[in-house]
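Student: Next comes data-v1.pdb, PDB, C-alpha atoms, pLDDT in the B column:
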```pdb
ATOM      1  CA  MET K 296      87.840  79.576 108.923  1.00 56.00           C
ATOM      2  CA  LYS K 297      85.992  77.776 106.150  1.00 62.00           C
ATOM      3  CA  ILE K 298      84.833  78.332 102.577  1.00 65.00           C
ATOM      4  CA  ILE K 299      81.217  78.678 101.473  1.00 64.00           C
ATOM      5  CA  TYR K 300      79.862  79.612  98.072  1.00 64.00           C
ATOM      6  CA  GLY K 301      77.374  82.153  96.818  1.00 65.00           C
ATOM      7  CA  GLU K 302      73.778  81.475  95.948  1.00 60.00           C
ATOM      8  CA  LEU K 303      72.296  82.092  92.517  1.00 56.00           C
ATOM      9  CA  PRO K 304      69.296  84.449  92.677  1.00 56.00           C
ATOM     10  CA  SER K 305      67.411  84.480  89.384  1.00 55.00           C
ATOM     11  CA  GLY K 306      68.539  86.739  86.568  1.00 56.00           C
ATOM     12  CA  GLN K 307      72.238  86.721  87.403  1.00 59.00           C
ATOM     13  CA  THR K 308      75.040  85.735  85.051  1.00 59.00           C
ATOM     14  CA  ASN K 309      76.916  82.872  86.688  1.00 61.00           C
ATOM     15  CA  PRO K 310      77.831  84.306  90.081  1.00 68.00           C
ATOM     16  CA  ASN K 311      79.381  81.782  92.434  1.00 75.00           C
ATOM     17  CA  PRO K 312      81.817  83.770  94.582  1.00 89.00           C
ATOM     18  CA  GLU K 313      84.132  82.058  97.019  1.00 91.00           C
ATOM     19  CA  ILE K 314      83.412  83.322 100.530  1.00 94.00           C
ATOM     20  CA  THR K 315      85.782  82.769 103.429  1.00 95.00           C
ATOM     21  CA  TYR K 316      84.048  82.572 106.817  1.00 96.00           C
ATOM     22  CA  TYR K 317      85.823  83.698 109.993  1.00 97.00           C
ATOM     23  CA  GLU K 318      84.007  82.404 113.054  1.00 96.00           C
ATOM     24  CA  PRO K 319      83.542  84.816 115.967  1.00 97.00           C
ATOM     25  CA  SER K 320      85.458  84.721 119.213  1.00 93.00           C
ATOM     26  CA  SER K 321      83.758  84.812 122.598  1.00 89.00           C
ATOM     27  CA  PRO K 322      81.569  86.597 123.504  1.00 93.00           C
ATOM     28  CA  VAL K 323      79.747  85.691 120.306  1.00 96.00           C
ATOM     29  CA  THR K 324      77.134  88.001 118.793  1.00 97.00           C
ATOM     30  CA  ASP K 325      74.516  87.180 116.158  1.00 98.00           C
ATOM     31  CA  ILE K 326      75.785  89.956 113.857  1.00 98.00           C
ATOM     32  CA  ALA K 327      77.436  89.239 110.494  1.00 98.00           C
ATOM     33  CA  VAL K 328      79.570  91.454 108.259  1.00 98.00           C
ATOM     34  CA  ILE K 329      80.229  90.561 104.620  1.00 98.00           C
ATOM     35  CA  ILE K 330      83.475  92.163 103.423  1.00 98.00           C
ATOM     36  CA  PHE K 331      84.435  93.282  99.914  1.00 98.00           C
ATOM     37  CA  PRO K 332      88.184  94.039  99.832  1.00 98.00           C
ATOM     38  CA  GLY K 333      89.475  96.998  97.862  1.00 97.00           C
ATOM     39  CA  GLY K 334      91.945  96.887  95.025  1.00 97.00           C
ATOM     40  CA  GLY K 335      90.622  99.106  92.247  1.00 97.00           C
ATOM     41  CA  TYR K 336      88.445  96.287  90.850  1.00 98.00           C
ATOM     42  CA  GLY K 337      91.754  94.861  89.673  1.00 97.00           C
ATOM     43  CA  GLY K 338      92.832  92.963  92.799  1.00 97.00           C
ATOM     44  CA  LEU K 339      91.780  92.143  96.352  1.00 98.00           C
ATOM     45  CA  ALA K 340      93.763  93.741  99.179  1.00 98.00           C
ATOM     46  CA  ARG K 341      94.388  91.234 101.959  1.00 97.00           C
ATOM     47  CA  HIS K 342      94.474  93.837 104.759  1.00 98.00           C
ATOM     48  CA  GLU K 343      91.026  95.061 103.674  1.00 98.00           C
ATOM     49  CA  GLY K 344      89.677  91.517 103.631  1.00 98.00           C
ATOM     50  CA  GLN K 345      91.307  89.061 106.004  1.00 97.00           C
ATOM     51  CA  GLY K 346      92.580  91.915 108.170  1.00 98.00           C
ATOM     52  CA  TYR K 347      89.079  93.277 108.736  1.00 98.00           C
ATOM     53  CA  ALA K 348      87.615  89.798 109.173  1.00 98.00           C
ATOM     54  CA  GLU K 349      90.047  88.885 111.945  1.00 98.00           C
ATOM     55  CA  PHE K 350      89.375  92.203 113.677  1.00 98.00           C
ATOM     56  CA  LEU K 351      85.594  91.768 113.537  1.00 98.00           C
ATOM     57  CA  SER K 352      85.698  88.115 114.583  1.00 98.00           C
ATOM     58  CA  LYS K 353      87.695  89.079 117.688  1.00 97.00           C
ATOM     59  CA  ALA K 354      84.842  91.465 118.493  1.00 97.00           C
ATOM     60  CA  GLY K 355      82.409  88.540 118.411  1.00 98.00           C
ATOM     61  CA  MET K 356      81.015  89.095 114.939  1.00 98.00           C
ATOM     62  CA  HIS K 357      80.674  86.621 112.101  1.00 98.00           C
ATOM     63  CA  ALA K 358      82.877  87.830 109.232  1.00 98.00           C
ATOM     64  CA  PHE K 359      82.869  86.807 105.583  1.00 97.00           C
ATOM     65  CA  VAL K 360      85.378  87.844 102.910  1.00 97.00           C
ATOM     66  CA  VAL K 361      84.104  87.703  99.331  1.00 97.00           C
ATOM     67  CA  GLN K 362      86.353  86.917  96.385  1.00 95.00           C
ATOM     68  CA  TYR K 363      84.305  88.741  93.754  1.00 96.00           C
ATOM     69  CA  ARG K 364      85.015  88.888  90.035  1.00 95.00           C
ATOM     70  CA  LEU K 365      87.477  91.547  88.830  1.00 96.00           C
ATOM     71  CA  GLY K 366      88.021  93.742  85.823  1.00 96.00           C
ATOM     72  CA  SER K 367      91.626  92.570  85.615  1.00 96.00           C
ATOM     73  CA  ALA K 368      90.259  89.119  84.698  1.00 94.00           C
ATOM     74  CA  GLY K 369      88.009  90.574  82.004  1.00 94.00           C
ATOM     75  CA  HIS K 370      84.814  90.845  84.045  1.00 94.00           C
ATOM     76  CA  ARG K 371      82.683  93.958  83.911  1.00 96.00           C
ATOM     77  CA  HIS K 372      79.663  95.415  85.660  1.00 95.00           C
ATOM     78  CA  PRO K 373      77.267  93.914  86.747  1.00 94.00           C
ATOM     79  CA  ALA K 374      79.384  90.824  87.562  1.00 94.00           C
ATOM     80  CA  MET K 375      80.768  92.388  90.749  1.00 96.00           C
ATOM     81  CA  LEU K 376      77.350  93.489  91.996  1.00 96.00           C
ATOM     82  CA  GLU K 377      75.914  90.049  91.289  1.00 93.00           C
ATOM     83  CA  ASP K 378      78.697  88.385  93.291  1.00 93.00           C
ATOM     84  CA  ALA K 379      78.016  90.743  96.197  1.00 95.00           C
ATOM     85  CA  LEU K 380      74.293  89.973  96.149  1.00 94.00           C
ATOM     86  CA  SER K 381      75.016  86.262  95.869  1.00 92.00           C
ATOM     87  CA  ALA K 382      77.151  86.489  98.995  1.00 94.00           C
ATOM     88  CA  ILE K 383      74.318  88.160 100.896  1.00 95.00           C
ATOM     89  CA  ALA K 384      71.926  85.424  99.763  1.00 92.00           C
ATOM     90  CA  ALA K 385      74.374  82.719 100.822  1.00 92.00           C
ATOM     91  CA  VAL K 386      74.957  84.137 104.299  1.00 95.00           C
ATOM     92  CA  ARG K 387      71.278  84.854 104.909  1.00 95.00           C
ATOM     93  CA  THR K 388      70.330  81.358 103.711  1.00 93.00           C
ATOM     94  CA  GLN K 389      72.770  79.784 106.186  1.00 94.00           C
ATOM     95  CA  ALA K 390      72.181  82.314 108.965  1.00 96.00           C
ATOM     96  CA  SER K 391      70.277  80.069 111.377  1.00 95.00           C
ATOM     97  CA  ASP K 392      72.843  77.271 111.045  1.00 94.00           C
ATOM     98  CA  LEU K 393      75.674  79.692 111.801  1.00 95.00           C
ATOM     99  CA  GLY K 394      74.004  81.474 114.711  1.00 97.00           C
ATOM    100  CA  ILE K 395      73.406  84.687 112.766  1.00 97.00           C
ATOM    101  CA  HIS K 396      70.254  86.778 113.028  1.00 98.00           C
ATOM    102  CA  PRO K 397      68.926  87.136 109.452  1.00 98.00           C
ATOM    103  CA  ALA K 398      68.152  90.832 110.058  1.00 98.00           C
ATOM    104  CA  LYS K 399      71.653  91.636 111.348  1.00 98.00           C
ATOM    105  CA  ILE K 400      73.700  91.112 108.189  1.00 98.00           C
ATOM    106  CA  GLY K 401      75.753  94.068 106.973  1.00 98.00           C
ATOM    107  CA  ILE K 402      78.335  94.729 104.298  1.00 98.00           C
ATOM    108  CA  MET K 403      81.723  96.433 104.386  1.00 99.00           C
ATOM    109  CA  GLY K 404      84.117  97.677 101.742  1.00 98.00           C
ATOM    110  CA  SER K 405      87.171  99.878 101.244  1.00 98.00           C
ATOM    111  CA  SER K 406      88.055 101.970  98.194  1.00 98.00           C
ATOM    112  CA  ALA K 407      86.703 100.045  95.171  1.00 98.00           C
ATOM    113  CA  GLY K 408      85.306  97.515  97.645  1.00 98.00           C
ATOM    114  CA  GLY K 409      83.552 100.491  99.218  1.00 98.00           C
ATOM    115  CA  HIS K 410      82.048 101.271  95.836  1.00 98.00           C
ATOM    116  CA  LEU K 411      80.817  97.691  95.585  1.00 98.00           C
ATOM    117  CA  ALA K 412      79.315  97.939  99.069  1.00 98.00           C
ATOM    118  CA  ALA K 413      77.654 101.274  98.263  1.00 98.00           C
ATOM    119  CA  HIS K 414      76.379  99.915  94.947  1.00 98.00           C
ATOM    120  CA  THR K 415      74.928  96.909  96.755  1.00 98.00           C
ATOM    121  CA  LEU K 416      73.226  99.209  99.262  1.00 98.00           C
ATOM    122  CA  ILE K 417      71.426 101.104  96.506  1.00 98.00           C
ATOM    123  CA  ALA K 418      70.853  98.362  93.897  1.00 97.00           C
ATOM    124  CA  TRP K 419      69.944  95.225  95.902  1.00 96.00           C
ATOM    125  CA  HIS K 420      66.331  95.396  94.715  1.00 93.00           C
ATOM    126  CA  GLN K 421      67.249  94.942  91.038  1.00 91.00           C
ATOM    127  CA  TYR K 422      67.286  91.144  91.230  1.00 89.00           C
ATOM    128  CA  ALA K 423      64.483  88.777  92.163  1.00 85.00           C
ATOM    129  CA  SER K 424      65.222  86.379  95.000  1.00 88.00           C
ATOM    130  CA  ASN K 425      63.318  84.135  97.372  1.00 89.00           C
ATOM    131  CA  ILE K 426      65.434  85.550 100.184  1.00 91.00           C
ATOM    132  CA  SER K 427      66.029  89.237 100.913  1.00 95.00           C
ATOM    133  CA  LEU K 428      69.168  90.657  99.306  1.00 95.00           C
ATOM    134  CA  ARG K 429      68.989  93.917 101.283  1.00 97.00           C
ATOM    135  CA  PRO K 430      71.957  94.525 103.599  1.00 98.00           C
ATOM    136  CA  ASP K 431      70.935  95.639 107.080  1.00 98.00           C
ATOM    137  CA  PHE K 432      73.797  98.149 107.339  1.00 98.00           C
ATOM    138  CA  GLY K 433      76.827  99.342 105.430  1.00 98.00           C
ATOM    139  CA  ILE K 434      80.413 100.241 106.389  1.00 99.00           C
ATOM    140  CA  LEU K 435      82.227 102.336 103.781  1.00 98.00           C
ATOM    141  CA  CYS K 436      85.949 102.942 104.286  1.00 98.00           C
ATOM    142  CA  TYR K 437      87.433 105.654 102.016  1.00 98.00           C
ATOM    143  CA  PRO K 438      84.989 104.469  99.327  1.00 98.00           C
ATOM    144  CA  VAL K 439      84.883 105.211  95.641  1.00 97.00           C
ATOM    145  CA  ILE K 440      81.339 106.532  95.248  1.00 97.00           C
ATOM    146  CA  THR K 441      80.949 108.781  92.250  1.00 95.00           C
ATOM    147  CA  SER K 442      81.698 108.414  88.561  1.00 93.00           C
ATOM    148  CA  ASN K 443      82.005 112.202  88.264  1.00 83.00           C
ATOM    149  CA  PRO K 444      85.439 112.850  86.687  1.00 77.00           C
ATOM    150  CA  SER K 445      86.174 115.542  89.293  1.00 77.00           C
ATOM    151  CA  HIS K 446      86.259 113.096  92.195  1.00 87.00           C
ATOM    152  CA  THR K 447      86.206 109.520  90.928  1.00 86.00           C
ATOM    153  CA  HIS K 448      89.016 106.953  90.852  1.00 86.00           C
ATOM    154  CA  LYS K 449      89.574 106.449  87.134  1.00 87.00           C
ATOM    155  CA  GLY K 450      91.310 103.083  87.438  1.00 85.00           C
ATOM    156  CA  SER K 451      88.435 101.574  89.397  1.00 94.00           C
ATOM    157  CA  MET K 452      85.883 102.865  86.912  1.00 94.00           C
ATOM    158  CA  GLN K 453      87.838 101.539  83.953  1.00 96.00           C
ATOM    159  CA  ASN K 454      88.159  98.096  85.522  1.00 96.00           C
ATOM    160  CA  LEU K 455      84.460  98.154  86.379  1.00 97.00           C
ATOM    161  CA  LEU K 456      83.079  99.423  83.060  1.00 96.00           C
ATOM    162  CA  GLY K 457      85.825  98.975  80.488  1.00 95.00           C
ATOM    163  CA  LYS K 458      87.394 101.671  78.336  1.00 93.00           C
ATOM    164  CA  THR K 459      84.306 102.713  76.382  1.00 92.00           C
ATOM    165  CA  PRO K 460      81.285 102.727  78.706  1.00 93.00           C
ATOM    166  CA  THR K 461      78.047 104.358  77.696  1.00 94.00           C
ATOM    167  CA  GLN K 462      76.816 107.439  79.509  1.00 93.00           C
ATOM    168  CA  GLU K 463      73.997 105.318  80.915  1.00 94.00           C
ATOM    169  CA  GLN K 464      76.503 102.870  82.429  1.00 94.00           C
ATOM    170  CA  ILE K 465      78.536 105.711  83.901  1.00 94.00           C
ATOM    171  CA  GLU K 466      75.443 107.178  85.532  1.00 94.00           C
ATOM    172  CA  GLU K 467      74.289 103.775  86.796  1.00 95.00           C
ATOM    173  CA  VAL K 468      77.403 103.220  88.913  1.00 96.00           C
ATOM    174  CA  SER K 469      77.475 106.711  90.431  1.00 96.00           C
ATOM    175  CA  CYS K 470      76.142 105.570  93.776  1.00 97.00           C
ATOM    176  CA  GLU K 471      75.270 108.954  95.293  1.00 97.00           C
ATOM    177  CA  LYS K 472      72.612 109.431  92.601  1.00 96.00           C
ATOM    178  CA  ARG K 473      70.537 106.388  93.540  1.00 96.00           C
ATOM    179  CA  VAL K 474      70.256 106.521  97.315  1.00 98.00           C
ATOM    180  CA  SER K 475      66.658 106.088  98.485  1.00 98.00           C
ATOM    181  CA  GLU K 476      64.768 105.859 101.755  1.00 97.00           C
ATOM    182  CA  GLU K 477      65.233 102.071 101.481  1.00 97.00           C
ATOM    183  CA  THR K 478      69.020 102.405 101.681  1.00 98.00           C
ATOM    184  CA  SER K 479      70.356 100.987 104.940  1.00 98.00           C
ATOM    185  CA  PRO K 480      72.150 102.962 107.695  1.00 98.00           C
ATOM    186  CA  CYS K 481      75.841 103.538 107.035  1.00 98.00           C
ATOM    187  CA  PHE K 482      79.136 104.168 108.791  1.00 99.00           C
ATOM    188  CA  LEU K 483      81.610 106.082 106.624  1.00 98.00           C
ATOM    189  CA  TRP K 484      85.160 107.290 107.123  1.00 98.00           C
ATOM    190  CA  HIS K 485      87.740 109.019 104.977  1.00 98.00           C
ATOM    191  CA  THR K 486      90.862 111.127 105.379  1.00 98.00           C
ATOM    192  CA  TYR K 487      91.292 114.729 104.286  1.00 98.00           C
ATOM    193  CA  GLU K 488      94.696 113.896 102.821  1.00 97.00           C
ATOM    194  CA  ASP K 489      93.473 111.046 100.595  1.00 97.00           C
ATOM    195  CA  GLN K 490      94.747 111.910  97.115  1.00 94.00           C
ATOM    196  CA  ALA K 491      93.743 108.701  95.336  1.00 95.00           C
ATOM    197  CA  VAL K 492      90.045 108.758  96.259  1.00 97.00           C
ATOM    198  CA  PRO K 493      89.103 112.263  97.442  1.00 97.00           C
ATOM    199  CA  MET K 494      87.015 112.618 100.579  1.00 97.00           C
ATOM    200  CA  GLU K 495      84.271 114.199  98.467  1.00 97.00           C
ATOM    201  CA  ASN K 496      83.214 110.641  97.639  1.00 97.00           C
ATOM    202  CA  SER K 497      82.151 110.017 101.240  1.00 98.00           C
ATOM    203  CA  LEU K 498      80.666 113.509 101.528  1.00 98.00           C
ATOM    204  CA  LEU K 499      78.509 112.979  98.434  1.00 98.00           C
ATOM    205  CA  PHE K 500      77.125 109.697  99.734  1.00 98.00           C
ATOM    206  CA  ALA K 501      76.514 111.115 103.203  1.00 98.00           C
ATOM    207  CA  GLN K 502      74.677 114.078 101.691  1.00 98.00           C
ATOM    208  CA  ALA K 503      72.487 111.729  99.662  1.00 98.00           C
ATOM    209  CA  LEU K 504      71.736 109.662 102.772  1.00 98.00           C
ATOM    210  CA  ARG K 505      70.823 112.842 104.645  1.00 98.00           C
ATOM    211  CA  GLU K 506      68.464 113.954 101.880  1.00 98.00           C
ATOM    212  CA  GLN K 507      66.661 110.604 102.031  1.00 98.00           C
ATOM    213  CA  GLY K 508      66.455 110.531 105.829  1.00 98.00           C
ATOM    214  CA  VAL K 509      68.795 107.533 106.171  1.00 98.00           C
ATOM    215  CA  PRO K 510      70.847 107.493 109.427  1.00 98.00           C
ATOM    216  CA  PHE K 511      74.621 107.531 109.102  1.00 98.00           C
ATOM    217  CA  GLU K 512      77.828 108.261 110.976  1.00 98.00           C
ATOM    218  CA  LEU K 513      80.594 110.027 109.068  1.00 98.00           C
ATOM    219  CA  HIS K 514      84.211 110.624 110.143  1.00 98.00           C
ATOM    220  CA  ILE K 515      86.705 112.738 108.195  1.00 98.00           C
ATOM    221  CA  TYR K 516      90.145 112.380 109.764  1.00 98.00           C
ATOM    222  CA  PRO K 517      92.747 115.059 108.993  1.00 98.00           C
ATOM    223  CA  HIS K 518      95.746 112.866 108.207  1.00 98.00           C
ATOM    224  CA  GLY K 519      96.396 109.588 106.418  1.00 97.00           C
ATOM    225  CA  LYS K 520      97.007 108.283 102.917  1.00 97.00           C
ATOM    226  CA  HIS K 521      94.623 106.144 100.906  1.00 97.00           C
ATOM    227  CA  GLY K 522      94.304 102.432 101.679  1.00 96.00           C
ATOM    228  CA  LEU K 523      95.163 102.517 105.385  1.00 98.00           C
ATOM    229  CA  GLY K 524      92.772  99.818 106.537  1.00 98.00           C
ATOM    230  CA  LEU K 525      93.250  99.342 110.276  1.00 98.00           C
ATOM    231  CA  ASP K 526      96.805 100.741 110.251  1.00 96.00           C
ATOM    232  CA  THR K 527      95.859 104.178 111.551  1.00 97.00           C
ATOM    233  CA  ASP K 528      96.723 106.579 114.357  1.00 95.00           C
ATOM    234  CA  PHE K 529      92.986 107.023 114.957  1.00 97.00           C
ATOM    235  CA  ASP K 530      90.800 104.220 116.259  1.00 97.00           C
ATOM    236  CA  TRP K 531      88.014 104.169 113.712  1.00 98.00           C
ATOM    237  CA  GLY K 532      87.662 100.397 114.122  1.00 98.00           C
ATOM    238  CA  SER K 533      86.482 100.477 117.728  1.00 97.00           C
ATOM    239  CA  ARG K 534      84.100 103.314 116.948  1.00 98.00           C
ATOM    240  CA  CYS K 535      82.700 101.306 114.034  1.00 98.00           C
ATOM    241  CA  ILE K 536      82.087  98.267 116.237  1.00 98.00           C
ATOM    242  CA  GLN K 537      80.276 100.466 118.752  1.00 98.00           C
ATOM    243  CA  TRP K 538      78.139 101.851 115.939  1.00 98.00           C
ATOM    244  CA  ILE K 539      77.247  98.383 114.635  1.00 98.00           C
ATOM    245  CA  LYS K 540      76.273  97.083 118.048  1.00 96.00           C
ATOM    246  CA  GLY K 541      74.307 100.264 118.696  1.00 98.00           C
ATOM    247  CA  LEU K 542      72.082  99.513 115.720  1.00 98.00           C
ATOM    248  CA  PHE K 543      70.681  96.471 117.517  1.00 96.00           C
ATOM    249  CA  THR K 544      70.374  97.642 121.134  1.00 87.00           C
TER
END
```
For this file, produce the structure as structure tokens.
Tutor:
Amino acid sequence: MKIIYGELPSGQTNPNPEITYYEPSSPVTDIAVIIFPGGGYGGLARHEGQGYAEFLSKAGMHAFVVQYRLGSAGHRHPAMLEDALSAIAAVRTQASDLGIHPAKIGIMGSSAGGHLAAHTLIAWHQYASNISLRPDFGILCYPVITSNPSHTHKGSMQNLLGKTPTQEQIEEVSCEKRVSEETSPCFLWHTYEDQAVPMENSLLFAQALREQGVPFELHIYPHGKHGLGLDTDFDWGSRCIQWIKGLFT
């Protein structure tokens, strides 16, 4: 485990996220996953960061946990997105030195971290960079996707945008509305019983992916509260690893 720091693609406002690198166990792959922990844009849940990283590294993948800026510290959109893109630039810049294939770098997030991952998947092209900022795949675990009041997580949106966002800002962060054919393949999972972030969030994003012809795998499990991470009665983790490896075989 070691710390690296984000790059600074042009046009960004002082991103320099701390990124913790978890080296893979044998047999080592050349696949990397950059992880954005959940926490409502107000904190960073350890089990959705370090917990995932240790799980992925045991499967032979390079894992990176990003400490992105938070609304609880007074930061607002687009600071979080810029930190996510900076992390992608940093990992891709160092890929050859770390044994990572530069076209096998994905992102992963849960809850609000899932929103950040989804936002990165659909907004990576907004910043100029000498190195590609496009993730090669996305893993969205019970993600916040929409800003629609019927299904959104209000706390996450308030931490992201503040108390008085404009309608334009609200629309900008509703990720299902900006999926395109350039959006990368995704693995999504949610539970039917999730009361904090309704499963409609994953359904909306999957529908948008379908409409744009973007491949995805979606699992809706019948039982389980919000924020489970890997502590489940169903083995979504192994299925996710199979899906990732299947992208490159």
Student: Given all atoms listed in the file as the basis, pick out the residue of K:Gly524, K:Gly344, K:Gly409, K:Gly457 nearest to Val360 of chain K.
Tutor: K:Gly344
Student: Choose the residue, out of K:Gln362, K:Ser469, K:Gln345, K:Gln537, that has the smallest atom-to-atom separation from His414 of chain K; count only C-alpha atoms.
Tutor: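 Closest candidate: K:Ser469.
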Student: For the atom pair atom CA of Ser321 of chain K and atom CA of Thr388 of chain K, what is the interatomic distance in Å to one decimal place?
Tutor: 23.4 Å
Student: Output the residue selection produced by the PyMOL selection byres ((chain K and resi 372-380) around 8) on the file above, formatted as a list in words.
Tutor: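 Applied to this file, the PyMOL selection byres ((chain K and resi 372-380) around 8) selects Gly301, Gln307, Thr308, Pro310, Asn311, Pro312, Phe331, Val361, Tyr363, Arg364, Leu365, His370, Arg371, Ser381, Ala382, Ile383, Ala384, Leu411, Ala412, His414, Thr415, Trp419, Leu428, Leu455 and Leu456 of chain K.
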Student: Fewer than 4 positions away in the same chain doesn't count, so skip those; otherwise give me all residues within 12 Å of Pro444 of chain K, counting all atoms listed in the file, as a PyMOL selection string.
Tutor: chain K and resi 439-440+448-453+465-466+469+492-493+495-496
Student: Name the closest residue to Thr478 of chain K among the candidates K:Gly522, K:Pro322, K:Gly366, K:Pro430; distances are taken between atoms, counting all atoms listed in the file.
Tutor: K:Pro430
Student: For this structure, which residues satisfy the selection - the PyMOL selection byres ((chain K and resi 346-350) around 8) - when it is evaluated on the file as given? I want them as a list in words.
Tutor: Tyr317, Ile330, Arg341, His342, Glu343, Gly344, Gln345, Leu351, Ser352, Lys353, Ala354, Ala358, Phe359, Val360, Gly524 and Leu525 of chain K
Student: Taking N, CA and C atoms as the atom set, what does segment 430-443 of chain K look like once completed, written as a PDB file, keeping the file's coordinate frame?
Tutor:
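Listing of rebuild09.pdb after writing:
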```
ATOM      1  N   PRO K 430      71.084  94.492 102.420  1.00 98.00           N
ATOM      2  CA  PRO K 430      71.957  94.525 103.599  1.00 98.00           C
ATOM      3  C   PRO K 430      71.268  95.310 104.717  1.00 98.00           C
ATOM      4  N   ASP K 431      71.554  94.943 105.950  1.00 98.00           N
ATOM      5  CA  ASP K 431      70.935  95.639 107.080  1.00 98.00           C
ATOM      6  C   ASP K 431      71.728  96.871 107.504  1.00 98.00           C
ATOM      7  N   PHE K 432      72.984  96.962 107.095  1.00 98.00           N
ATOM      8  CA  PHE K 432      73.797  98.149 107.339  1.00 98.00           C
ATOM      9  C   PHE K 432      74.997  98.112 106.412  1.00 98.00           C
ATOM     10  N   GLY K 433      75.653  99.257 106.274  1.00 98.00           N
ATOM     11  CA  GLY K 433      76.827  99.342 105.430  1.00 98.00           C
ATOM     12  C   GLY K 433      77.973 100.064 106.117  1.00 98.00           C
ATOM     13  N   ILE K 434      79.199  99.594 105.874  1.00 99.00           N
ATOM     14  CA  ILE K 434      80.413 100.241 106.389  1.00 99.00           C
ATOM     15  C   ILE K 434      81.274 100.579 105.174  1.00 99.00           C
ATOM     16  N   LEU K 435      81.518 101.865 104.962  1.00 98.00           N
ATOM     17  CA  LEU K 435      82.227 102.336 103.781  1.00 98.00           C
ATOM     18  C   LEU K 435      83.510 103.035 104.214  1.00 98.00           C
ATOM     19  N   CYS K 436      84.639 102.429 103.894  1.00 98.00           N
ATOM     20  CA  CYS K 436      85.949 102.942 104.286  1.00 98.00           C
ATOM     21  C   CYS K 436      86.616 103.573 103.063  1.00 98.00           C
ATOM     22  N   TYR K 437      86.874 104.877 103.134  1.00 98.00           N
ATOM     23  CA  TYR K 437      87.433 105.654 102.016  1.00 98.00           C
ATOM     24  C   TYR K 437      86.919 105.139 100.662  1.00 98.00           C
ATOM     25  N   PRO K 438      85.575 105.110 100.512  1.00 98.00           N
ATOM     26  CA  PRO K 438      84.989 104.469  99.327  1.00 98.00           C
ATOM     27  C   PRO K 438      85.070 105.304  98.056  1.00 98.00           C
ATOM     28  N   VAL K 439      85.193 104.619  96.935  1.00 97.00           N
ATOM     29  CA  VAL K 439      84.883 105.211  95.641  1.00 97.00           C
ATOM     30  C   VAL K 439      83.351 105.241  95.550  1.00 97.00           C
ATOM     31  N   ILE K 440      82.789 106.398  95.306  1.00 97.00           N
ATOM     32  CA  ILE K 440      81.339 106.532  95.248  1.00 97.00           C
ATOM     33  C   ILE K 440      80.861 107.022  93.894  1.00 97.00           C
ATOM     34  N   THR K 441      81.454 108.098  93.425  1.00 95.00           N
ATOM     35  CA  THR K 441      80.949 108.781  92.250  1.00 95.00           C
ATOM     36  C   THR K 441      81.718 108.423  90.987  1.00 95.00           C
ATOM     37  N   SER K 442      81.039 108.540  89.852  1.00 93.00           N
ATOM     38  CA  SER K 442      81.698 108.414  88.561  1.00 93.00           C
ATOM     39  C   SER K 442      82.002 109.781  87.959  1.00 93.00           C
ATOM     40  N   ASN K 443      81.697 110.849  88.710  1.00 83.00           N
ATOM     41  CA  ASN K 443      82.005 112.202  88.264  1.00 83.00           C
ATOM     42  C   ASN K 443      83.517 112.354  88.095  1.00 83.00           C
TER      43      ASN K 443
END
```
